[in-house]
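Here is data17.cif, consisting of mmCIF, C-alpha atoms and all ligand atoms:
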```cif
data_my_file
loop_
_atom_site.label_atom_id
_atom_site.label_comp_id
_atom_site.auth_asym_id
_atom_site.auth_seq_id
_atom_site.Cartn_x
_atom_site.Cartn_y
_atom_site.Cartn_z
CA MET A 1 60.82 186.08 138.63
CA PRO A 2 57.71 184.02 137.91
CA GLU A 3 54.29 185.57 137.48
CA ILE A 4 51.86 184.07 139.94
CA ARG A 5 48.22 185.14 140.19
CA ILE A 6 45.38 184.19 142.44
CA ASP A 7 41.90 184.67 141.02
CA PRO A 8 39.86 186.11 143.93
CA ASP A 9 36.62 184.84 142.40
CA LEU A 10 37.82 181.23 142.26
CA CYS A 11 39.97 181.16 145.43
CA LYS A 12 38.26 179.29 148.28
CA ARG A 13 40.62 180.86 150.88
CA ASP A 14 41.47 177.35 152.09
CA GLY A 15 45.13 178.31 152.61
CA PHE A 16 46.40 175.15 150.89
CA CYS A 17 48.91 177.12 148.77
CA VAL A 18 50.16 178.81 151.95
CA MET A 19 50.78 175.44 153.57
CA ALA A 20 52.23 173.73 150.49
CA CYS A 21 54.75 176.31 149.32
CA PRO A 22 58.22 175.21 150.53
CA VAL A 23 59.59 178.77 150.43
CA GLU A 24 56.53 180.45 151.92
CA ILE A 25 55.78 183.00 149.26
CA PHE A 26 52.04 182.87 150.02
CA GLN A 27 50.69 184.44 153.18
CA GLN A 28 47.24 184.85 154.67
CA LYS A 29 46.88 187.83 156.98
CA GLU A 30 44.16 185.92 158.79
CA LYS A 31 42.35 182.61 158.42
CA GLY A 32 39.97 182.76 155.45
CA ALA A 33 41.70 185.76 153.83
CA LEU A 34 42.79 185.86 150.19
CA PRO A 35 46.46 184.77 150.16
CA GLU A 36 48.97 187.49 149.33
CA LEU A 37 52.30 187.06 147.60
CA ASP A 38 55.65 188.03 149.02
CA ARG A 39 59.27 187.29 147.99
CA VAL A 40 58.15 185.76 144.68
CA GLY A 41 61.80 185.76 143.60
CA MET A 42 62.35 182.85 146.01
CA CYS A 43 59.99 180.62 143.99
CA ILE A 44 61.69 177.39 142.87
CA ASP A 45 59.00 176.55 140.30
CA CYS A 46 58.17 173.30 142.09
CA GLY A 47 54.51 173.61 141.10
CA HIS A 48 53.19 172.69 144.55
CA CYS A 49 50.85 175.70 144.57
CA VAL A 50 49.17 174.79 141.29
CA ALA A 51 49.10 171.11 142.26
CA VAL A 52 47.47 171.64 145.64
CA CYS A 53 44.87 174.28 144.69
CA PRO A 54 41.56 172.41 144.29
CA SER A 55 39.70 175.30 142.67
CA GLY A 56 42.07 176.25 139.83
CA ALA A 57 42.39 179.73 141.30
CA LEU A 58 46.14 179.82 141.02
CA SER A 59 48.09 180.49 137.85
CA HIS A 60 51.87 180.33 137.54
CA ASP A 61 53.53 181.33 134.31
CA ARG A 62 55.97 178.39 134.48
CA TYR A 63 52.91 176.13 134.33
CA PRO A 64 50.85 177.37 131.38
CA GLU A 65 47.60 175.72 130.38
CA GLY A 66 47.96 172.02 129.65
CA THR A 67 50.94 171.49 131.97
CA VAL A 68 49.08 170.69 135.19
CA HIS A 69 47.26 167.37 135.17
CA PRO A 70 44.80 165.76 137.57
CA VAL A 71 46.21 162.93 139.71
CA SER A 72 44.23 159.79 138.89
CA THR A 73 44.08 158.27 142.36
CA GLU A 74 42.60 155.04 141.04
CA ASP A 75 45.85 154.45 139.11
CA LEU A 76 48.04 154.74 142.19
CA PRO A 77 49.57 151.47 143.39
CA SER A 78 48.93 150.31 146.92
CA TYR A 79 51.76 150.15 149.46
CA GLU A 80 51.78 146.37 148.98
CA GLN A 81 52.18 146.81 145.21
CA VAL A 82 55.03 149.30 145.63
CA LEU A 83 56.78 146.98 148.07
CA ALA A 84 56.25 144.01 145.76
CA LEU A 85 57.90 145.95 142.92
CA VAL A 86 60.79 147.09 145.10
CA ARG A 87 61.37 143.51 146.24
CA ALA A 88 61.01 142.03 142.76
CA ARG A 89 63.51 144.45 141.20
CA ARG A 90 66.84 142.78 140.63
CA SER A 91 69.99 143.79 138.84
CA LYS A 92 69.45 141.85 135.64
CA ARG A 93 72.58 141.05 133.65
CA ARG A 94 71.47 138.52 131.04
CA PHE A 95 69.61 139.95 128.09
CA LYS A 96 67.83 138.70 125.01
CA ASP A 97 69.70 139.51 121.84
CA LYS A 98 67.06 142.00 120.80
CA PRO A 99 67.08 145.80 120.57
CA VAL A 100 65.01 147.65 123.13
CA GLU A 101 61.95 149.34 121.64
CA ARG A 102 62.24 153.11 121.75
CA ALA A 103 58.78 153.30 123.37
CA ASP A 104 59.99 151.11 126.25
CA ILE A 105 63.03 153.34 126.83
CA GLU A 106 60.77 156.38 126.72
CA ARG A 107 58.62 154.86 129.48
CA VAL A 108 61.72 154.47 131.62
CA LEU A 109 62.89 158.02 130.91
CA GLU A 110 59.44 159.38 131.76
CA ALA A 111 59.79 157.94 135.27
CA ALA A 112 63.34 159.28 135.55
CA ARG A 113 62.18 162.79 134.63
CA PHE A 114 59.85 162.91 137.62
CA ALA A 115 62.46 162.24 140.30
CA PRO A 116 62.93 164.92 142.94
CA SER A 117 65.96 167.19 142.69
CA GLY A 118 67.74 169.58 145.02
CA HIS A 119 66.13 173.04 144.80
CA ASN A 120 63.97 171.59 142.02
CA ALA A 121 66.88 172.20 139.64
CA GLN A 122 65.96 169.19 137.45
CA PRO A 123 69.54 169.21 136.16
CA VAL A 124 69.71 165.68 134.73
CA HIS A 125 70.17 165.01 131.02
CA PHE A 126 70.16 161.60 129.39
CA VAL A 127 72.02 159.89 126.59
CA VAL A 128 70.55 156.66 125.27
CA VAL A 129 73.08 154.45 123.52
CA GLN A 130 71.79 151.53 121.47
CA ASP A 131 74.21 151.38 118.57
CA LYS A 132 76.24 148.17 118.99
CA ASN A 133 79.52 149.79 117.92
CA ALA A 134 78.99 152.68 120.30
CA LEU A 135 78.23 150.29 123.16
CA HIS A 136 81.39 148.34 122.38
CA LYS A 137 83.38 151.56 122.27
CA ILE A 138 82.07 152.53 125.72
CA GLY A 139 83.07 149.10 127.01
CA THR A 140 86.55 149.54 125.50
CA LEU A 141 86.96 153.04 126.92
CA THR A 142 85.84 151.72 130.30
CA ALA A 143 88.36 148.86 130.18
CA ASP A 144 91.13 151.30 129.16
CA GLY A 145 90.07 153.77 131.84
CA LEU A 146 89.96 151.18 134.62
CA GLN A 147 93.44 149.89 133.78
CA LYS A 148 94.88 153.39 133.50
CA MET A 149 93.25 154.39 136.76
CA MET A 150 94.62 151.38 138.61
CA LYS A 151 98.19 151.56 137.25
CA PRO A 152 99.63 153.76 140.02
CA PHE A 153 98.18 151.50 142.69
CA LYS A 154 100.07 148.47 141.43
CA SER A 155 103.63 149.61 142.12
CA PRO A 156 104.81 149.83 145.77
CA VAL A 157 106.70 153.08 145.08
CA SER A 158 103.79 154.94 143.51
CA ARG A 159 101.48 153.49 146.17
CA ALA A 160 103.66 155.13 148.81
CA VAL A 161 103.48 158.48 146.99
CA MET A 162 99.72 158.16 146.53
CA ARG A 163 99.31 157.43 150.25
CA LEU A 164 100.88 160.81 151.00
CA MET A 165 98.43 162.48 148.63
CA MET A 166 95.23 160.52 149.27
CA GLY A 167 95.70 158.88 152.63
CA ARG A 168 96.53 155.24 153.40
CA GLU A 169 92.98 153.92 153.68
CA LYS A 170 91.79 155.19 150.28
CA VAL A 171 94.96 154.01 148.52
CA ASP A 172 94.84 150.54 150.10
CA GLN A 173 91.20 150.25 149.15
CA LEU A 174 91.93 151.10 145.51
CA ALA A 175 95.02 148.86 145.45
CA LYS A 176 92.80 145.93 146.45
CA LEU A 177 90.54 146.67 143.48
CA ALA A 178 93.40 146.81 140.97
CA PRO A 179 93.56 143.06 140.15
CA GLU A 180 89.75 142.92 139.71
CA MET A 181 89.80 145.92 137.36
CA ASP A 182 92.70 144.48 135.40
CA GLY A 183 90.94 141.14 135.09
CA LEU A 184 87.76 142.81 133.97
CA ALA A 185 89.58 144.80 131.29
CA GLU A 186 91.43 141.72 130.03
CA LEU A 187 88.23 139.68 129.93
CA PHE A 188 86.52 142.45 127.96
CA ARG A 189 89.34 142.42 125.41
CA SER A 190 89.07 138.67 125.11
CA GLY A 191 85.35 138.99 124.27
CA LYS A 192 83.79 138.37 127.70
CA ASP A 193 81.91 141.52 128.64
CA LEU A 194 81.40 141.83 132.38
CA ILE A 195 81.34 145.62 132.05
CA LEU A 196 78.09 146.00 130.11
CA ASN A 197 77.15 142.31 130.06
CA ASP A 198 76.29 142.74 126.35
CA ALA A 199 73.32 144.92 127.30
CA PRO A 200 71.58 146.23 124.18
CA ALA A 201 70.99 149.68 125.66
CA LEU A 202 72.62 152.11 128.02
CA ILE A 203 71.26 155.24 129.61
CA VAL A 204 73.85 157.75 130.75
CA PHE A 205 72.70 160.26 133.36
CA HIS A 206 74.68 163.48 133.16
CA ALA A 207 74.40 166.98 134.53
CA ASP A 208 76.22 170.25 134.87
CA SER A 209 78.73 169.71 137.67
CA GLY A 210 78.19 173.27 138.92
CA GLY A 211 74.70 172.57 140.27
CA ALA A 212 73.84 172.06 143.92
CA THR A 213 73.21 168.30 144.08
CA PRO A 214 73.71 166.85 140.58
CA SER A 215 75.00 163.47 141.70
CA ILE A 216 72.12 162.87 144.10
CA ASP A 217 69.61 164.14 141.54
CA ALA A 218 70.96 161.83 138.84
CA ASN A 219 70.88 158.81 141.10
CA LEU A 220 67.35 159.47 142.28
CA ALA A 221 66.38 159.68 138.61
CA LEU A 222 68.24 156.44 138.01
CA GLN A 223 66.38 154.63 140.78
CA ASN A 224 63.04 155.86 139.39
CA ALA A 225 64.21 154.57 136.02
CA SER A 226 65.20 151.17 137.35
CA LEU A 227 61.84 150.64 139.05
CA ALA A 228 60.02 151.74 135.91
CA ALA A 229 62.18 149.38 133.86
CA GLU A 230 61.25 146.47 136.12
CA ALA A 231 57.55 147.37 135.87
CA ALA A 232 57.78 147.75 132.08
CA GLY A 233 59.24 144.26 131.64
CA LEU A 234 62.81 145.40 131.10
CA GLY A 235 65.84 144.34 133.09
CA CYS A 236 68.63 146.66 134.08
CA PHE A 237 71.72 147.00 136.22
CA TYR A 238 73.80 149.92 137.45
CA GLY A 239 76.78 150.46 135.14
CA GLY A 240 79.17 151.07 138.00
CA PHE A 241 82.35 150.30 136.09
CA VAL A 242 81.47 152.77 133.35
CA LEU A 243 80.72 155.36 136.01
CA PHE A 244 84.01 154.61 137.75
CA ALA A 245 85.90 155.14 134.48
CA CYS A 246 84.00 158.41 133.91
CA SER A 247 85.02 159.63 137.35
CA ARG A 248 88.70 159.79 136.43
CA GLY A 249 88.78 160.82 132.79
CA ARG A 250 86.75 162.39 129.99
CA ALA A 251 87.21 159.79 127.26
CA ILE A 252 83.64 158.47 127.58
CA GLN A 253 82.18 161.94 128.09
CA ASP A 254 83.98 163.15 124.94
CA PHE A 255 82.85 160.10 122.99
CA LEU A 256 79.28 160.96 123.98
CA SER A 257 79.92 164.63 123.08
CA LEU A 258 78.79 165.83 126.50
CA PRO A 259 79.25 169.51 127.28
CA LYS A 260 82.60 170.18 129.00
CA GLU A 261 80.93 171.25 132.24
CA HIS A 262 78.84 168.08 132.46
CA HIS A 263 79.77 165.03 134.49
CA VAL A 264 78.37 161.53 134.26
CA TYR A 265 76.63 160.72 137.55
CA GLY A 266 74.83 157.49 136.76
CA VAL A 267 74.77 154.72 134.18
CA LEU A 268 72.01 152.17 133.64
CA ALA A 269 72.42 149.21 131.30
CA LEU A 270 69.19 147.64 130.13
CA GLY A 271 67.49 145.16 127.86
CA TYR A 272 64.82 142.48 127.81
CA PRO A 273 65.77 140.00 130.52
CA LYS A 274 66.54 136.37 129.73
CA LEU A 275 65.98 135.18 133.29
CA LYS A 276 62.87 135.30 135.46
CA TYR A 277 63.36 135.66 139.19
CA GLY A 278 60.55 133.83 140.95
CA ASN A 279 61.85 134.49 144.46
CA TRP A 280 63.13 137.43 146.40
CA PRO A 281 65.83 136.76 148.98
CA GLU A 282 65.92 138.61 152.30
CA ARG A 283 68.17 141.60 152.83
CA LYS A 284 70.18 142.36 155.95
CA PRO A 285 67.85 143.01 158.85
CA LEU A 286 66.77 146.60 159.34
CA ARG A 287 69.28 148.60 161.32
CA VAL A 288 67.37 151.53 162.70
CA LYS A 289 67.55 153.72 165.72
CA TRP A 290 64.24 155.32 166.74
CA MET A 291 64.65 158.55 168.63
C1 LIG B 301 76.64 152.23 142.75
C2 LIG B 301 76.40 150.86 142.19
C3 LIG B 301 77.26 150.35 141.26
C4 LIG B 301 77.03 149.09 140.69
N1 LIG B 301 77.83 148.65 139.70
C5 LIG B 301 77.55 147.49 139.09
C6 LIG B 301 78.31 147.07 137.94
O1 LIG B 301 79.22 147.75 137.47
N2 LIG B 301 78.01 145.87 137.38
C7 LIG B 301 76.99 145.10 137.86
O2 LIG B 301 76.75 144.04 137.28
N3 LIG B 301 76.24 145.48 138.91
C8 LIG B 301 76.49 146.65 139.54
N4 LIG B 301 75.72 147.07 140.58
C9 LIG B 301 74.60 146.23 141.04
C10 LIG B 301 74.87 145.60 142.41
O3 LIG B 301 75.80 144.58 142.29
C11 LIG B 301 73.54 145.11 142.95
O4 LIG B 301 72.68 146.21 143.14
C12 LIG B 301 73.64 144.35 144.25
O5 LIG B 301 74.41 143.18 144.08
C13 LIG B 301 72.27 143.93 144.80
O6 LIG B 301 71.56 143.17 143.86
P1 LIG B 301 70.14 143.64 143.27
O7 LIG B 301 70.32 144.96 142.61
O8 LIG B 301 69.72 142.57 142.34
O9 LIG B 301 69.19 143.78 144.43
C14 LIG B 301 75.94 148.31 141.15
C15 LIG B 301 75.05 148.86 142.09
C16 LIG B 301 75.27 150.10 142.58
C17 LIG B 301 74.28 150.69 143.55
#
```
Could you write out this file's structure as structure tokens?
Ligand SMILES: Cc1cc2nc3c(=O)[nH]c(=O)nc-3n(C[C@H](O)[C@H](O)[C@H](O)COP(=O)(O)O)c2cc1C
Amino acid sequence: MPEIRIDPDLCKRDGFCVMACPVEIFQQKEKGALPELDRVGMCIDCGHCVAVCPSGALSHDRYPEGTVHPVSTEDLPSYEQVLALVRARRSKRRFKDKPVERADIERVLEAARFAPSGHNAQPVHFVVVQDKNALHKIGTLTADGLQKMMKPFKSPVSRAVMRLMMGREKVDQLAKLAPEMDGLAELFRSGKDLILNDAPALIVFHADSGGATPSIDANLALQNASLAAEAAGLGCFYGGFVLFACSRGRAIQDFLSLPKEHHVYGVLALGYPKLKYGNWPERKPLRVKWM
């Protein structure tokens, strides 16, 4: 249980901590009263109380001195700037033959670390792969994995058996993918890498599979990372084929020496982009129902 204290001399009785706490562990008996604590065991260490208190009256032992920083509002981008970044971000697949500076990857990881997570579990861990042999090995394991995964969907007999186990729709969907996966694997073996597109760096997002929302958490972190990469002058794309291979076997996880209980939930390939995109094409029109 965390230790939370409110300094009565500093507290302005504004009730901000009461309003901000998502699990309502602060209560004010009446307006203007010193907040009291209840059910502290419910605290999820989100830090909203220490972030919202304007007078520094609140201390939380999970946030010791030096771990709560002022928001510099003048550094915040405008809505127009955020939208411009979101529109400018592209999946970049052509990279300069140049290693990514560690400092640039650290900037990307810093953004990933601040993504929201279910119950504030912050379960996501990262592996950064930059070694050329290791990247090639991941490509090879992906190619092997994709072909192995697709094998049962290629024969009519095993397709029929799979339909009984997985349902017709899912099996037919995967059977349609089989030639593409095979082609991709063969191309990789012949030296044409459409799996990692010869990216000089890969970030693998992994987490304990026993958590509440590890897949969502990892992918929110990944999206933060991809926007940060775009802003930092890097290019990146979602390593979907690697992720797909990880979903059906542990060869890549074992190669990366991940803990047994960890799954890979996201993969981002990155590098310095060769191409500049001067235009942003429209998306599908907004489909929204207002209620
Ligand atoms: C879950 C997911 C998996 C993806 N897998 C791959 C992939 O394996 N290889 C690739 O080049 N792009 C991959 N992409 C990128 C998409 O092709 C891309 O986001 C889409 O075409 C839209 O283009 P944009 O990202 O430039 O806006 C993936 C994207 C997502 C969200």
Within 12 Å of ligand LIG 301 (chain B), which residues of chain A show up? Give each one with its shortest atom-to-atom distance in Å (one decimal) and the two atoms involved, counting only C-alpha atoms and all ligand atoms, rows by chain then rising residue number, as a tab-separated table.
```
residue	atom	partner	partner_atom	distance
A:Leu85	CA	B:LIG301	O9	11.6
A:Val86	CA	B:LIG301	O9	9.1
A:Arg87	CA	B:LIG301	O9	8.0
A:Ala88	CA	B:LIG301	O9	8.5
A:Arg89	CA	B:LIG301	O9	6.6
A:Arg90	CA	B:LIG301	O8	3.4
A:Ser91	CA	B:LIG301	O8	3.7
A:Lys92	CA	B:LIG301	O8	6.7
A:Arg93	CA	B:LIG301	O2	6.3
A:Arg94	CA	B:LIG301	O2	9.9
A:Gly139	CA	B:LIG301	O1	11.2
A:Thr142	CA	B:LIG301	O1	10.5
A:Ala143	CA	B:LIG301	O1	11.7
A:Leu146	CA	B:LIG301	O1	11.6
A:Glu180	CA	B:LIG301	O1	11.8
A:Met181	CA	B:LIG301	O1	10.7
A:Leu184	CA	B:LIG301	O1	10.5
A:Asp193	CA	B:LIG301	O2	10.4
A:Leu194	CA	B:LIG301	O2	7.1
A:Ile195	CA	B:LIG301	O1	6.2
A:Leu196	CA	B:LIG301	N2	7.3
A:Asn197	CA	B:LIG301	O2	7.4
A:Asp198	CA	B:LIG301	O2	11.0
A:Ala199	CA	B:LIG301	O2	10.6
A:Ser215	CA	B:LIG301	C1	11.4
A:Ile216	CA	B:LIG301	C1	11.6
A:Ala218	CA	B:LIG301	C1	11.8
A:Asn219	CA	B:LIG301	C1	8.9
A:Leu220	CA	B:LIG301	C17	11.3
A:Leu222	CA	B:LIG301	C17	10.0
A:Gln223	CA	B:LIG301	C17	9.3
A:Ser226	CA	B:LIG301	O7	9.6
A:Leu227	CA	B:LIG301	O7	10.8
A:Glu230	CA	B:LIG301	O8	11.2
A:Gly235	CA	B:LIG301	O8	10.2
A:Cys236	CA	B:LIG301	O7	8.9
A:Phe237	CA	B:LIG301	N3	5.5
A:Tyr238	CA	B:LIG301	C14	4.6
A:Gly239	CA	B:LIG301	O1	4.3
A:Gly240	CA	B:LIG301	N1	3.2
A:Phe241	CA	B:LIG301	O1	4.3
A:Val242	CA	B:LIG301	O1	6.9
A:Leu243	CA	B:LIG301	O1	7.9
A:Phe244	CA	B:LIG301	O1	8.4
A:Ala245	CA	B:LIG301	O1	10.4
A:Tyr265	CA	B:LIG301	C1	10.0
A:Gly266	CA	B:LIG301	C1	8.2
A:Val267	CA	B:LIG301	C3	8.7
A:Leu268	CA	B:LIG301	C5	9.1
A:Ala269	CA	B:LIG301	N2	8.9
A:Leu270	CA	B:LIG301	O2	11.0
A:Tyr277	CA	B:LIG301	O8	9.9
A:Asn279	CA	B:LIG301	O8	11.5
A:Trp280	CA	B:LIG301	O9	9.0
A:Pro281	CA	B:LIG301	O9	9.0
A:Glu282	CA	B:LIG301	O9	10.0
A:Arg283	CA	B:LIG301	O9	8.7
A:Lys284	CA	B:LIG301	C13	11.5
```
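Our summary of the geometry notes that atom CA of Leu275 of chain A is positioned 24.7 Å from atom CA of Ser190 of chain A.
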How many Å separate atom CA of Ile252 of chain A from atom CA of Thr140 of chain A? 9.6 Å
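Taking atom CA of Val264 of chain A as the reference point, atom CA of Ser247 of chain A is found at 7.6 Å.
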Counting only C-alpha atoms, which residues have an atom no more than 7 Å from (54.7, 188.8, 150.7) in the file's coordinates? Please list them as an MDAnalysis selection string. chainID A and resid 25:27 36:39
Give me segment 89-104 of chain A with N, CA and C atoms filled in, as a PDB file, in the coordinates of the input.
```pdb
ATOM      1  N   ARG A  89      62.441 143.880 142.030  1.00  0.00           N
ATOM      2  CA  ARG A  89      63.510 144.450 141.200  1.00  0.00           C
ATOM      3  C   ARG A  89      64.839 143.783 141.507  1.00  0.00           C
ATOM      4  N   ARG A  90      65.506 143.341 140.483  1.00  0.00           N
ATOM      5  CA  ARG A  90      66.840 142.780 140.630  1.00  0.00           C
ATOM      6  C   ARG A  90      67.745 143.441 139.629  1.00  0.00           C
ATOM      7  N   SER A  91      69.041 143.388 139.879  1.00  0.00           N
ATOM      8  CA  SER A  91      69.990 143.790 138.840  1.00  0.00           C
ATOM      9  C   SER A  91      70.024 142.654 137.841  1.00  0.00           C
ATOM     10  N   LYS A  92      69.511 142.904 136.655  1.00  0.00           N
ATOM     11  CA  LYS A  92      69.450 141.850 135.640  1.00  0.00           C
ATOM     12  C   LYS A  92      70.611 142.037 134.685  1.00  0.00           C
ATOM     13  N   ARG A  93      71.329 140.942 134.436  1.00  0.00           N
ATOM     14  CA  ARG A  93      72.580 141.050 133.650  1.00  0.00           C
ATOM     15  C   ARG A  93      72.614 140.127 132.450  1.00  0.00           C
ATOM     16  N   ARG A  94      71.533 139.397 132.224  1.00  0.00           N
ATOM     17  CA  ARG A  94      71.470 138.520 131.040  1.00  0.00           C
ATOM     18  C   ARG A  94      70.305 138.987 130.185  1.00  0.00           C
ATOM     19  N   PHE A  95      70.631 139.324 128.938  1.00  0.00           N
ATOM     20  CA  PHE A  95      69.610 139.950 128.090  1.00  0.00           C
ATOM     21  C   PHE A  95      69.371 139.174 126.810  1.00  0.00           C
ATOM     22  N   LYS A  96      68.145 139.265 126.321  1.00  0.00           N
ATOM     23  CA  LYS A  96      67.830 138.700 125.010  1.00  0.00           C
ATOM     24  C   LYS A  96      68.571 139.503 123.957  1.00  0.00           C
ATOM     25  N   ASP A  97      68.972 138.827 122.908  1.00  0.00           N
ATOM     26  CA  ASP A  97      69.700 139.510 121.840  1.00  0.00           C
ATOM     27  C   ASP A  97      68.679 140.224 120.948  1.00  0.00           C
ATOM     28  N   LYS A  98      68.170 141.320 121.468  1.00  0.00           N
ATOM     29  CA  LYS A  98      67.060 142.000 120.800  1.00  0.00           C
ATOM     30  C   LYS A  98      67.125 143.478 121.173  1.00  0.00           C
ATOM     31  N   PRO A  99      67.035 144.371 120.212  1.00  0.00           N
ATOM     32  CA  PRO A  99      67.080 145.800 120.570  1.00  0.00           C
ATOM     33  C   PRO A  99      65.891 146.189 121.431  1.00  0.00           C
ATOM     34  N   VAL A 100      66.108 147.180 122.274  1.00  0.00           N
ATOM     35  CA  VAL A 100      65.010 147.650 123.130  1.00  0.00           C
ATOM     36  C   VAL A 100      64.172 148.638 122.326  1.00  0.00           C
ATOM     37  N   GLU A 101      62.864 148.421 122.357  1.00  0.00           N
ATOM     38  CA  GLU A 101      61.950 149.340 121.640  1.00  0.00           C
ATOM     39  C   GLU A 101      62.117 150.748 122.205  1.00  0.00           C
ATOM     40  N   ARG A 102      62.121 151.710 121.317  1.00  0.00           N
ATOM     41  CA  ARG A 102      62.240 153.110 121.750  1.00  0.00           C
ATOM     42  C   ARG A 102      61.126 153.471 122.753  1.00  0.00           C
ATOM     43  N   ALA A 103      59.913 152.972 122.489  1.00  0.00           N
ATOM     44  CA  ALA A 103      58.780 153.300 123.370  1.00  0.00           C
ATOM     45  C   ALA A 103      59.042 152.797 124.787  1.00  0.00           C
ATOM     46  N   ASP A 104      59.704 151.649 124.915  1.00  0.00           N
ATOM     47  CA  ASP A 104      59.990 151.110 126.250  1.00  0.00           C
ATOM     48  C   ASP A 104      61.028 151.987 126.963  1.00  0.00           C
TER      49      ASP A 104
END
```
